[in-house]
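Participant: As input, take target-v4.txt (compact mmCIF, C-alpha atoms):
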# COMPACT_ATOMS: atom_id res chain seq x y z
CA MET T 28 -24.21 40.77 -79.18
CA LYS T 29 -25.68 40.88 -75.75
CA LYS T 30 -25.73 37.06 -75.60
CA ILE T 31 -22.04 36.85 -76.56
CA HIS T 32 -21.13 39.35 -73.86
CA PHE T 33 -23.17 37.36 -71.36
CA TYR T 34 -21.36 34.06 -72.20
CA PHE T 35 -17.97 35.75 -71.93
CA ALA T 36 -18.98 37.13 -68.53
CA VAL T 37 -19.99 33.66 -67.30
CA LEU T 38 -16.76 32.10 -68.58
CA SER T 39 -14.76 34.79 -66.84
CA LEU T 40 -16.49 34.12 -63.55
CA VAL T 41 -15.90 30.36 -63.86
CA ALA T 42 -12.25 30.89 -64.67
CA PHE T 43 -11.84 33.26 -61.74
CA ALA T 44 -13.48 30.79 -59.37
CA THR T 45 -11.26 27.95 -60.64
CA LEU T 46 -8.11 30.00 -60.23
CA SER T 47 -9.23 30.99 -56.75
CA LEU T 48 -9.73 27.32 -55.77
CA ILE T 49 -6.35 26.35 -57.16
CA SER T 50 -4.76 29.25 -55.33
CA CYS T 51 -6.44 28.21 -52.05
CA ALA T 52 -5.33 24.62 -52.51
CA ASP T 53 -1.76 25.68 -53.06
CA THR T 54 -1.84 27.88 -49.95
CA SER T 55 -3.21 25.09 -47.73
CA SER T 56 -0.42 22.75 -48.80
CA ASP T 57 2.07 25.22 -47.36
CA LEU T 58 0.46 25.20 -43.88
CA PRO T 59 2.41 23.34 -41.12
CA GLU T 60 1.13 19.93 -40.01
CA PRO T 61 -0.84 20.08 -36.76
CA PRO T 62 1.21 18.90 -33.74
CA VAL T 63 0.91 15.24 -32.87
CA PRO T 64 -0.29 14.72 -29.29
CA PRO T 65 2.05 12.99 -26.83
CA VAL T 66 1.09 9.58 -25.46
CA ILE T 67 2.16 8.08 -22.11
CA THR T 68 2.52 4.31 -22.40
CA GLY T 69 4.10 3.42 -19.07
CA LEU T 70 6.21 4.29 -16.03
CA SER T 71 9.33 2.66 -14.66
CA ARG T 72 7.62 2.44 -11.26
CA ASP T 73 4.30 3.47 -9.77
CA SER T 74 5.47 4.71 -6.37
CA GLY T 75 8.31 6.53 -4.71
CA ILE T 76 9.09 9.19 -2.18
CA ILE T 77 9.95 12.76 -3.14
CA GLY T 78 13.26 12.84 -4.96
CA THR T 79 12.78 9.44 -6.59
CA LEU T 80 13.99 9.26 -10.20
CA LEU T 81 11.24 8.06 -12.52
CA THR T 82 11.20 7.24 -16.22
CA ILE T 83 8.10 8.04 -18.27
CA TYR T 84 7.73 6.02 -21.47
CA GLY T 85 5.68 7.15 -24.42
CA ASN T 86 5.40 8.42 -27.96
CA ASN T 87 5.51 11.91 -29.46
CA LEU T 88 7.17 13.27 -26.32
CA VAL T 89 9.65 15.22 -28.42
CA VAL T 90 9.26 18.80 -29.63
CA SER T 91 11.79 18.47 -32.44
CA PRO T 92 10.90 16.03 -35.26
CA ASP T 93 14.57 15.65 -36.29
CA VAL T 94 15.74 13.35 -33.49
CA GLU T 95 18.08 10.52 -34.37
CA PRO T 96 17.64 7.05 -32.81
CA GLY T 97 19.64 6.63 -29.61
CA GLN T 98 19.91 10.37 -29.12
CA VAL T 99 19.64 12.15 -25.78
CA PHE T 100 18.56 15.75 -25.96
CA ASP T 101 17.41 18.61 -23.76
CA ASN T 102 13.89 18.30 -22.47
CA THR T 103 11.41 21.00 -23.42
CA ASN T 104 8.35 19.13 -22.16
CA ILE T 105 6.41 20.04 -19.05
CA VAL T 106 5.85 17.15 -16.64
CA LYS T 107 3.46 17.44 -13.70
CA PHE T 108 2.63 15.12 -10.81
CA ASN T 109 -1.00 15.72 -9.90
CA GLY T 110 -0.57 19.33 -11.01
CA ILE T 111 2.87 19.90 -9.44
CA ILE T 112 5.62 20.68 -11.98
CA ALA T 113 8.55 18.27 -11.90
CA GLU T 114 12.14 18.72 -13.02
CA ALA T 115 12.69 16.66 -16.18
CA SER T 116 16.33 16.16 -17.06
CA HIS T 117 16.28 14.80 -20.61
CA VAL T 118 14.38 12.88 -23.25
CA PHE T 119 15.79 9.76 -24.88
CA GLN T 120 14.77 8.01 -28.09
CA ASP T 121 15.88 4.41 -28.59
CA SER T 122 16.81 2.64 -31.82
CA ILE T 123 13.22 1.79 -32.71
CA GLY T 124 11.85 5.24 -31.99
CA LYS T 125 10.41 4.73 -28.50
CA GLN T 126 10.87 7.73 -26.25
CA SER T 127 11.28 8.29 -22.52
CA ILE T 128 11.67 11.18 -20.10
CA SER T 129 13.74 11.04 -16.90
CA VAL T 130 12.07 13.02 -14.14
CA THR T 131 12.40 13.50 -10.38
CA VAL T 132 9.34 13.32 -8.12
CA PRO T 133 8.88 16.95 -6.99
CA GLU T 134 8.26 18.45 -3.57
CA LYS T 135 4.55 18.50 -2.60
CA ALA T 136 3.78 15.73 -5.09
CA SER T 137 0.78 13.67 -4.09
CA THR T 138 -1.18 10.70 -5.31
CA GLY T 139 -2.62 11.40 -8.73
CA LYS T 140 -1.95 11.36 -12.43
CA ILE T 141 1.19 12.30 -14.31
CA THR T 142 0.80 14.65 -17.26
CA VAL T 143 3.25 15.47 -20.04
CA THR T 144 2.85 18.59 -22.20
CA ALA T 145 4.67 18.55 -25.55
CA ASN T 146 4.03 20.64 -28.62
CA GLY T 147 1.48 22.55 -26.58
CA ILE T 148 -0.66 19.42 -26.10
CA THR T 149 -1.06 17.64 -22.75
CA ALA T 150 -1.26 13.87 -22.28
CA SER T 151 -2.31 12.20 -19.04
CA SER T 152 -1.63 8.75 -17.63
CA ARG T 153 -4.52 6.41 -18.33
CA ASP T 154 -7.03 5.02 -15.84
CA ASP T 155 -7.24 1.66 -17.58
CA PHE T 156 -3.51 0.86 -17.46
CA ILE T 157 -2.49 0.27 -13.87
CA VAL T 158 1.23 0.88 -14.26
CA THR T 159 0.51 4.42 -15.38
CA ILE T 160 -1.42 5.38 -12.26
CA PRO T 161 1.22 6.56 -9.78
CA MET T 162 0.61 6.29 -6.05
CA TYR T 163 3.37 8.52 -4.78
CA VAL T 164 4.24 8.62 -1.11
CA PRO T 165 5.45 12.11 -0.15
CA ASN T 166 7.97 12.88 2.61
CA VAL T 167 8.38 10.07 5.13
CA THR T 168 9.98 10.64 8.54
CA VAL T 169 10.87 7.99 11.12
CA SER T 170 11.26 8.87 14.80
CA THR T 171 11.47 7.01 18.12
CA LEU T 172 8.97 7.25 20.97
CA PRO T 173 10.63 7.68 24.37
CA HIS T 174 9.07 4.52 25.81
CA ILE T 175 9.41 0.78 25.88
CA ALA T 176 8.43 -1.48 22.98
CA GLY T 177 7.17 -5.02 22.93
CA THR T 178 5.69 -7.77 20.83
CA ASP T 179 2.92 -5.70 19.25
CA VAL T 180 1.26 -2.27 19.26
CA ALA T 181 -2.36 -1.07 19.10
CA ILE T 182 -3.94 2.39 19.18
CA ASP T 183 -7.44 3.36 20.29
CA ALA T 184 -9.70 6.07 18.89
CA ASP T 185 -8.43 8.58 21.47
CA GLY T 186 -4.80 8.08 20.46
CA ASN T 187 -3.76 5.95 23.44
CA ILE T 188 -1.05 3.43 22.54
CA TYR T 189 -1.05 -0.09 24.04
CA ILE T 190 2.15 -2.15 24.06
CA PRO T 191 2.59 -5.71 25.41
CA THR T 192 6.18 -6.06 26.59
CA ASN T 193 8.58 -8.83 25.76
CA ASP T 194 9.51 -10.28 29.09
CA ASP T 195 7.63 -8.78 32.06
CA PHE T 196 4.06 -9.94 31.30
CA LYS T 197 2.61 -6.44 31.21
CA ILE T 198 0.66 -4.25 28.82
CA TYR T 199 1.61 -0.59 28.96
CA LYS T 200 -0.52 2.38 27.97
CA ILE T 201 0.86 5.63 26.58
CA ALA T 202 -1.54 8.58 26.54
CA PRO T 203 -1.36 11.24 23.80
CA ASP T 204 0.33 13.59 26.27
CA GLY T 205 3.09 11.04 26.83
CA THR T 206 1.90 9.73 30.19
CA PHE T 207 3.25 6.20 30.56
CA VAL T 208 1.47 3.70 32.86
CA ILE T 209 1.05 -0.03 33.35
CA PHE T 210 -2.40 -0.81 31.92
CA VAL T 211 -2.54 -4.40 33.16
CA GLU T 212 -0.26 -7.17 34.43
CA THR T 213 -0.76 -10.64 32.96
CA TYR T 214 1.68 -12.73 35.01
CA ASN T 215 -0.66 -13.35 37.97
CA GLY T 216 -3.86 -15.34 38.40
CA PRO T 217 -5.29 -18.31 36.50
CA ASN T 218 -5.14 -16.50 33.17
CA SER T 219 -1.49 -15.53 33.36
CA GLY T 220 0.88 -15.61 30.43
CA GLN T 221 2.92 -13.61 27.97
CA PRO T 222 0.76 -11.37 25.72
CA LEU T 223 1.77 -11.70 22.09
CA GLY T 224 -0.76 -9.98 19.82
CA ILE T 225 -2.92 -7.04 20.81
CA ALA T 226 -5.88 -5.13 19.36
CA VAL T 227 -8.37 -2.53 20.56
CA ASP T 228 -12.02 -1.92 19.63
CA SER T 229 -14.02 1.30 19.25
CA ASP T 230 -14.97 1.20 22.96
CA SER T 231 -11.30 0.95 24.04
CA ASN T 232 -11.60 -2.69 25.07
CA VAL T 233 -8.25 -4.38 24.55
CA TYR T 234 -7.88 -7.94 23.21
CA ALA T 235 -4.71 -9.97 23.70
CA THR T 236 -3.54 -13.42 22.67
CA ILE T 237 -2.07 -15.05 25.78
CA GLY T 238 -1.10 -18.70 25.63
CA ASN T 239 -3.90 -20.56 23.87
CA LYS T 240 -6.49 -18.01 24.97
CA ILE T 241 -7.93 -14.75 23.74
CA GLN T 242 -8.43 -12.37 26.63
CA LYS T 243 -10.61 -9.28 26.76
CA ILE T 244 -9.54 -6.36 28.94
CA THR T 245 -11.98 -3.56 29.66
CA PRO T 246 -10.82 0.08 29.92
CA ASP T 247 -10.64 -0.24 33.71
CA GLY T 248 -8.23 -3.20 33.43
CA THR T 249 -10.66 -6.06 34.15
CA ARG T 250 -9.55 -9.24 32.37
CA SER T 251 -11.74 -12.11 31.17
CA ILE T 252 -11.45 -15.06 28.79
CA LEU T 253 -13.23 -14.40 25.51
CA ALA T 254 -12.28 -17.74 23.96
CA GLY T 255 -9.88 -20.63 24.36
CA GLY T 256 -8.64 -22.65 27.30
CA ASP T 257 -5.59 -24.12 28.97
CA ASP T 258 -5.42 -27.06 26.57
CA TYR T 259 -4.24 -26.56 23.04
CA GLY T 260 -6.02 -28.10 20.07
CA TYR T 261 -8.31 -27.26 17.20
CA ALA T 262 -12.00 -26.89 17.91
CA ASP T 263 -14.68 -24.37 17.06
CA GLY T 264 -17.21 -23.65 19.76
CA GLN T 265 -18.34 -21.14 22.31
CA GLY T 266 -15.90 -19.37 24.60
CA THR T 267 -13.70 -21.73 26.57
CA ASN T 268 -14.91 -24.75 24.58
CA ALA T 269 -12.95 -23.52 21.57
CA LYS T 270 -9.32 -24.51 21.18
CA PHE T 271 -6.30 -22.82 19.59
CA VAL T 272 -2.62 -23.61 19.13
CA ILE T 273 -0.43 -20.53 19.59
CA PRO T 274 -2.75 -17.76 18.40
CA ILE T 275 -0.62 -14.72 17.65
CA GLY T 276 -1.98 -11.81 15.59
CA ILE T 277 -5.39 -10.35 16.38
CA ASP T 278 -7.71 -7.60 15.14
CA VAL T 279 -11.27 -6.32 15.66
CA ASP T 280 -13.78 -5.16 13.06
CA ALA T 281 -16.27 -2.30 13.33
CA ASN T 282 -18.93 -4.66 14.75
CA GLY T 283 -16.70 -5.97 17.51
CA ASN T 284 -15.95 -9.33 15.87
CA VAL T 285 -12.47 -10.55 16.73
CA TYR T 286 -10.19 -12.24 14.17
CA VAL T 287 -7.23 -14.36 15.19
CA ALA T 288 -4.27 -15.82 13.32
CA ASP T 289 -4.21 -19.32 14.81
CA ALA T 290 -0.62 -19.95 13.79
CA LEU T 291 -0.04 -23.65 14.36
CA ASN T 292 -3.54 -24.62 13.25
CA ASN T 293 -2.90 -22.72 10.00
CA ALA T 294 -6.34 -21.18 10.37
CA ILE T 295 -7.97 -17.78 10.64
CA ARG T 296 -10.58 -17.86 13.39
CA LYS T 297 -13.50 -15.49 14.00
CA ILE T 298 -15.01 -14.76 17.42
CA THR T 299 -18.41 -13.08 17.51
CA GLN T 300 -19.55 -10.99 20.45
CA PRO T 301 -21.05 -10.98 22.98
CA ASP T 302 -21.52 -14.77 22.85
CA GLY T 303 -17.85 -15.60 22.20
CA MET T 304 -18.68 -18.09 19.44
CA VAL T 305 -15.57 -19.25 17.61
CA THR T 306 -15.71 -20.35 13.98
CA THR T 307 -13.08 -20.94 11.33
CA LEU T 308 -13.24 -18.25 8.67
CA ALA T 309 -10.65 -19.94 6.43
CA GLY T 310 -7.88 -22.51 6.47
CA GLY T 311 -7.17 -25.33 8.87
CA THR T 312 -4.61 -27.26 6.81
CA GLU T 313 -0.94 -26.48 6.25
CA GLY T 314 0.02 -25.61 2.68
CA TYR T 315 -0.84 -23.01 0.10
CA ALA T 316 -4.15 -22.79 -1.72
CA ASP T 317 -6.50 -19.97 -2.61
CA ALA T 318 -10.02 -21.28 -2.17
CA GLN T 319 -13.23 -20.94 -0.18
CA GLY T 320 -13.14 -21.22 3.62
CA PRO T 321 -11.79 -24.57 4.86
CA ASN T 322 -10.49 -25.47 1.40
CA ALA T 323 -7.93 -22.65 1.59
CA LYS T 324 -4.50 -23.46 3.00
CA PHE T 325 -2.03 -21.38 4.99
CA ASN T 326 1.45 -21.94 6.35
CA LEU T 327 2.04 -20.33 9.75
CA PRO T 328 -0.27 -17.29 9.59
CA MET T 329 1.21 -14.68 11.92
CA ASP T 330 -1.07 -11.67 11.91
CA VAL T 331 -4.39 -10.30 10.64
CA ALA T 332 -5.87 -6.88 9.86
CA VAL T 333 -9.48 -6.03 9.01
CA ASP T 334 -10.47 -3.24 6.62
CA ALA T 335 -13.57 -1.03 6.73
CA THR T 336 -15.62 -3.45 4.64
CA GLY T 337 -14.78 -6.56 6.63
CA ASN T 338 -12.04 -8.05 4.45
CA VAL T 339 -9.34 -9.77 6.50
CA PHE T 340 -5.71 -9.48 5.38
CA VAL T 341 -3.37 -12.20 6.56
CA ILE T 342 0.39 -12.48 6.95
CA ASP T 343 0.97 -15.99 5.56
CA SER T 344 4.56 -16.06 6.78
CA GLY T 345 5.49 -19.59 5.76
CA ASN T 346 4.45 -18.88 2.18
CA PHE T 347 5.95 -15.34 2.12
CA LYS T 348 2.59 -14.00 0.98
CA ILE T 349 -0.13 -11.56 1.94
CA ARG T 350 -3.58 -13.15 1.64
CA LYS T 351 -7.06 -11.64 1.67
CA ILE T 352 -10.25 -13.23 3.00
CA THR T 353 -13.61 -11.73 2.09
CA PRO T 354 -16.43 -11.74 4.67
CA SER T 355 -17.83 -14.81 2.90
CA GLY T 356 -14.55 -16.69 3.28
CA ASP T 357 -13.07 -16.44 -0.23
CA VAL T 358 -9.27 -16.48 0.00
CA THR T 359 -7.00 -14.86 -2.60
CA THR T 360 -3.35 -13.86 -2.72
CA VAL T 361 -2.75 -10.12 -2.68
CA ALA T 362 1.03 -10.05 -2.85
CA GLY T 363 4.10 -12.22 -2.60
CA ASN T 364 6.06 -14.48 -4.90
CA GLY T 365 8.61 -16.28 -2.78
CA TYR T 366 11.40 -15.29 -0.42
CA GLY T 367 13.52 -12.21 -1.13
CA PHE T 368 13.03 -8.53 -1.76
CA LEU T 369 11.30 -6.97 -4.73
CA ASP T 370 8.87 -4.06 -5.02
CA GLY T 371 6.34 -4.08 -7.84
CA PRO T 372 2.97 -5.60 -8.76
CA GLY T 373 1.71 -7.88 -6.04
CA THR T 374 2.19 -11.18 -7.85
CA THR T 375 5.85 -10.37 -8.55
CA ALA T 376 6.81 -8.76 -5.20
CA LYS T 377 8.95 -10.66 -2.73
CA PHE T 378 9.05 -10.59 1.08
CA ALA T 379 11.27 -12.07 3.77
CA ASP T 380 10.05 -13.00 7.26
CA VAL T 381 6.95 -10.79 7.32
CA ARG T 382 5.52 -10.62 10.84
CA CYS T 383 2.82 -7.96 11.15
CA ILE T 384 0.13 -6.15 9.19
CA ALA T 385 -2.22 -3.14 9.38
CA VAL T 386 -4.67 -1.50 6.98
CA ASP T 387 -5.59 2.18 6.66
CA THR T 388 -8.98 3.77 6.02
CA GLY T 389 -8.27 3.87 2.29
CA GLY T 390 -7.67 0.12 2.08
CA ASN T 391 -3.89 0.36 1.72
CA VAL T 392 -2.06 -2.40 3.59
CA TYR T 393 1.17 -1.93 5.55
CA VAL T 394 3.41 -4.82 6.57
CA GLY T 395 6.50 -5.18 8.70
CA ASP T 396 9.00 -7.08 6.58
CA THR T 397 11.43 -7.81 9.39
CA GLY T 398 13.60 -10.05 7.22
CA ASN T 399 14.35 -7.08 4.97
CA PHE T 400 14.24 -4.51 7.85
CA LEU T 401 11.51 -2.59 6.01
CA VAL T 402 7.98 -1.30 6.29
CA ARG T 403 6.23 -2.06 2.99
CA ARG T 404 2.97 -0.80 1.52
CA ILE T 405 0.48 -2.62 -0.70
CA SER T 406 -1.85 -0.25 -2.52
CA GLN T 407 -5.48 -1.04 -3.25
CA ALA T 408 -4.34 -1.87 -6.77
CA GLY T 409 -1.93 -4.47 -5.36
CA ASN T 410 1.36 -2.67 -5.97
CA VAL T 411 4.08 -3.16 -3.36
CA THR T 412 6.43 -0.32 -2.42
CA THR T 413 8.86 0.42 0.38
CA VAL T 414 7.77 3.15 2.79
CA ALA T 415 10.64 3.15 5.27
CA GLY T 416 13.79 1.28 6.16
CA SER T 417 17.07 0.35 4.50
CA THR T 418 19.43 -2.01 6.31
CA SER T 419 19.51 -3.53 9.78
CA GLY T 420 20.08 -1.03 12.54
CA ASP T 421 18.48 1.65 14.67
CA LEU T 422 18.38 5.01 12.94
CA ASP T 423 15.74 7.73 12.68
CA GLY T 424 15.44 10.06 9.71
CA PRO T 425 13.93 10.18 6.22
CA GLY T 426 12.03 7.05 5.24
CA THR T 427 14.56 5.21 3.10
CA ASP T 428 17.50 6.35 5.28
CA ALA T 429 15.96 5.06 8.50
CA LYS T 430 16.96 1.68 9.91
CA PHE T 431 14.99 -1.01 11.72
CA SER T 432 15.95 -4.35 13.18
CA TYR T 433 13.20 -6.66 14.38
CA ILE T 434 9.69 -5.43 13.47
CA GLY T 435 7.20 -7.21 15.72
CA GLY T 436 4.00 -5.22 15.40
CA ILE T 437 2.46 -2.43 13.36
CA SER T 438 -0.55 -0.15 13.80
CA LEU T 439 -1.95 3.13 12.47
CA ASP T 440 -3.54 6.03 14.31
CA ALA T 441 -6.46 8.15 13.12
CA SER T 442 -4.13 10.55 11.26
CA GLY T 443 -2.44 7.75 9.32
CA ALA T 444 0.81 7.75 11.28
CA ILE T 445 2.37 4.27 11.49
CA TYR T 446 3.68 2.80 14.75
CA VAL T 447 6.17 -0.06 14.74
CA ALA T 448 7.00 -2.26 17.73
CA GLN T 449 10.72 -2.92 17.64
CA GLY T 450 10.84 -5.18 20.67
CA ASP T 451 14.42 -6.38 20.41
CA LEU T 452 15.76 -2.88 21.08
CA GLY T 453 12.99 -1.82 23.45
CA ARG T 454 11.74 0.90 21.14
CA THR T 455 8.56 1.95 19.43
CA ARG T 456 9.06 3.80 16.16
CA LYS T 457 6.70 6.29 14.54
CA ILE T 458 6.49 6.83 10.77
CA VAL T 459 4.82 10.00 9.55
CA ILE T 460 3.86 10.44 5.89
CA ASN T 461 3.37 14.12 5.11
Please express the file's structure as structure tokens.
Facilitator:
Amino acid sequence: MKKIHFYFAVLSLVAFATLSLISCADTSSDLPEPPVPPVITGLSRDSGIIGTLLTIYGNNLVVSPDVEPGQVFDNTNIVKFNGIIAEASHVFQDSIGKQSISVTVPEKASTGKITVTANGITASSRDDFIVTIPMYVPNVTVSTLPHIAGTDVAIDADGNIYIPTNDDFKIYKIAPDGTFVIFVETYNGPNSGQPLGIAVDSDSNVYATIGNKIQKITPDGTRSILAGGDDYGYADGQGTNAKFVIPIGIDVDANGNVYVADALNNAIRKITQPDGMVTTLAGGTEGYADAQGPNAKFNLPMDVAVDATGNVFVIDSGNFKIRKITPSGDVTTVAGNGYGFLDGPGTTAKFADVRCIAVDTGGNVYVGDTGNFLVRRISQAGNVTTVAGSTSGDLDGPGTDAKFSYIGGISLDASGAIYVAQGDLGRTRKIVIN
């Protein structure tokens, strides 16, 4: 009898365990499905000032699972720009189920990632998909300096501004306190002429393109010929043995090497110091070709700017492109795809009559697109956006409300403020990005 009781006890335990498992299985089937994480797949644009309307594209951006195709509904997601909450107006789902959120770039937004929180789960824009990495430019303000403007503008490490004027053969100097003096006159003596391009080195020596010469002007105003002579032509060599044909834009690197846009020779020239040896970094033939050194081709290069690592950026005005030359002479195209206006990835962007260029400490390039009356920005990733300007005119104010006419020169100070030489109206404009 004891065995029978034992078997019944075992069977009872097995039955109880089986029923318990079945019961647990039934309970788990009633649990809600875990939320599906949102995914950001793209942005309508990767730059814009505060207040810009942006569309975020993605999947699983919707809280409610019962959304019909083509439906617009209230947004219950949380969108942040680099941690700053943005106002999102609505979510839309198209006929094939793709979703998007319309959002306005918020105050205090800064460069960084966009995040979307839906169903309690946060998704972030990806590092490996360039269109989803926003480079937002916050508040931009344009103002006018109360002084004359000319063909170009340069700023030294102490904040002094140097401006070659249009028609009186002078270079003016504006101190940070606003003191306005004539730095040097270039109409007298054997090296006289109209200064076109201007640059300044870390020791406050000023370099100017005057005629077919590159002149060096020390802080006390003493002028000398660094390279070039009275005759025009195309020749590398030392100092006055070198020849240029209408050199215009000029810049100096951290080692004191001078780079010149030799416009009518379609070449970018390099002048080493202190020996004044002139060599051709790239170009020398009219046309368009990305290549190494002399095999590259340019069409009327107007200006140059050197970054912290020695790369030279070139305004290739005749080709409506921005080119880049590495220290070893490799030439590539950074931005530009024909005449017109279009912001976007570099190879699709369009420019019109670009005249001047500068580069900031972060490697972002700024150009004066005088044909479109705009100051444009090319990010390190190669995306082109508009920083300031709208239509032709002369108006200060918020970036995209401001108006420019001719933009002859551009430079940045140590704080990142942008200065624009608007020579036709005798004004120098200042653009501050907060």
Participant: Sort by chain and increasing residue number a table of all residues of range 275-394 of chain T within 10 Å of range 446-459 of chain T, each with its closest pair of atoms and their distance in Å to one decimal, counting all atoms listed in the file, and write it as CSV.
Facilitator:
residue,atom,partner,partner_atom,distance
T:Cys383,CA,T:Val447,CA,9.3
T:Ala385,CA,T:Tyr446,CA,9.9
T:Val394,CA,T:Val447,CA,9.9
Participant: Store the residues picked out above in a file with C-alpha atoms, as a PDB file, in the coordinates of the input.
Facilitator:
ATOM      1  CA  CYS T 383       2.820  -7.960  11.150  1.00  0.00           C
ATOM      2  CA  ALA T 385      -2.220  -3.140   9.380  1.00  0.00           C
ATOM      3  CA  VAL T 394       3.410  -4.820   6.570  1.00  0.00           C
TER       4      VAL T 394
END
Participant: Draw an axis-aligned box over all listed atoms of range 277-296 of chain T, pad each side with 3 Å, and write its centre and edge lengths in Å, one decimal, as lines of an AutoDock Vina configuration file.
Facilitator:
center_x = -9.5
center_y = -13.5
center_z = 13.8
size_x = 24.9
size_y = 28.3
size_z = 13.5
Participant: Pick out the closest residue to Ile225 in chain T from this set: T:Tyr189, T:Phe378, T:Phe196, T:Phe119. Count only C-alpha atoms.
Facilitator: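 Going through T:Tyr189, T:Phe378, T:Phe196, T:Phe119 one by one, the smallest distance to Ile225 in chain T is for T:Tyr189.
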Participant: Could you state the separation of CA of Ser406 in chain T and CA of Ala444 in chain T in Å, given to one decimal place?
Facilitator: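 These two atoms are separated by 16.2 Å.
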Participant: With all atoms listed in the file as the atoms that count, which of T:Thr192, T:Ala226, T:Thr353, T:Ala262 lies nearest to Tyr214 in chain T?
Facilitator: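 Comparing T:Thr192, T:Ala226, T:Thr353, T:Ala262 against Tyr214 in chain T, the winner is T:Thr192.
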Participant: So the first atom is CA of Lys324 in chain T and the second is CA of Gly266 in chain T; what is the distance between them in Å, to one decimal place?
Facilitator: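 A separation of 24.8 Å between them.
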Participant: Find the distance between CA of Tyr199 in chain T and CA of Thr427 in chain T and write it in Å to one decimal.
Facilitator: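 Distance between the two atoms: 29.5 Å.
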Participant: Please determine, counting all atoms listed in the file, which residue among T:Val305, T:Gly373, T:Ala379, T:Pro425 has the shortest atom-to-atom distance to Ala408 in chain T.
Facilitator: T:Gly373
Participant: Counting only C-alpha atoms, which residue out of T:Gln265, T:Thr131, T:Thr249, T:Thr418 sits closest to Ile111 in chain T?
Facilitator: T:Thr131
Participant: May I have the residues at most 7 Å from (1.4, -1.0, 24.9) in the file's coordinates, counting only C-alpha atoms, as a ChimeraX atom specification?
Facilitator: /T:180-181,188-191,198-201
Participant: Which residues, written as a ChimeraX atom specification, have at least one atom at most 10 Å from range 298-300 of chain T, with all atoms listed in the file counted and residues fewer than 6 positions away on the same chain left out?
Facilitator: /T:241,253-254,263-266,269,279,282-287,306-308
Participant: Please, could you write that set of residues out with C-alpha atoms as a PDB file, in the frame of the given file?
Facilitator:
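Just written: selection.pdb:
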ATOM      1  CA  ILE T 241      -7.930 -14.750  23.740  1.00  0.00           C
ATOM      2  CA  LEU T 253     -13.230 -14.400  25.510  1.00  0.00           C
ATOM      3  CA  ALA T 254     -12.280 -17.740  23.960  1.00  0.00           C
ATOM      4  CA  ASP T 263     -14.680 -24.370  17.060  1.00  0.00           C
ATOM      5  CA  GLY T 264     -17.210 -23.650  19.760  1.00  0.00           C
ATOM      6  CA  GLN T 265     -18.340 -21.140  22.310  1.00  0.00           C
ATOM      7  CA  GLY T 266     -15.900 -19.370  24.600  1.00  0.00           C
ATOM      8  CA  ALA T 269     -12.950 -23.520  21.570  1.00  0.00           C
ATOM      9  CA  VAL T 279     -11.270  -6.320  15.660  1.00  0.00           C
ATOM     10  CA  ASN T 282     -18.930  -4.660  14.750  1.00  0.00           C
ATOM     11  CA  GLY T 283     -16.700  -5.970  17.510  1.00  0.00           C
ATOM     12  CA  ASN T 284     -15.950  -9.330  15.870  1.00  0.00           C
ATOM     13  CA  VAL T 285     -12.470 -10.550  16.730  1.00  0.00           C
ATOM     14  CA  TYR T 286     -10.190 -12.240  14.170  1.00  0.00           C
ATOM     15  CA  VAL T 287      -7.230 -14.360  15.190  1.00  0.00           C
ATOM     16  CA  THR T 306     -15.710 -20.350  13.980  1.00  0.00           C
ATOM     17  CA  THR T 307     -13.080 -20.940  11.330  1.00  0.00           C
ATOM     18  CA  LEU T 308     -13.240 -18.250   8.670  1.00  0.00           C
TER      19      LEU T 308
END
Participant: Quick one: everything within 6 Å of Val411 in chain T, counting all atoms listed in the file, minus sequence neighbours fewer than 6 positions away in the same chain. Send it as a short mmCIF file (atom, residue, chain, number, x, y, z; two decimals) with C-alpha atoms, keeping the file's coordinate frame.
Facilitator:
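Wrote it out as part_20.cif, contents follow:
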data_model
loop_
_atom_site.label_atom_id
_atom_site.label_comp_id
_atom_site.auth_asym_id
_atom_site.auth_seq_id
_atom_site.Cartn_x
_atom_site.Cartn_y
_atom_site.Cartn_z
CA ASP T 370 8.87 -4.06 -5.02
CA GLY T 371 6.34 -4.08 -7.84
CA GLY T 373 1.71 -7.88 -6.04
CA ARG T 404 2.97 -0.80 1.52
CA ILE T 405 0.48 -2.62 -0.70
#
Participant: Excluding Leu327 in chain T and its own-chain neighbours fewer than 5 positions away, which residues fall within 9 Å of it when counting all atoms listed in the file? Please give them as a ChimeraX atom specification.
Facilitator: /T:288-294,313,342-346
Participant: Near Gly255 in chain T, within 8 Å and counting all atoms listed in the file, which residues show up once chain neighbours fewer than 3 positions away are dropped, as number ranges by chain?
Facilitator: T: 239-241, 252, 266-271
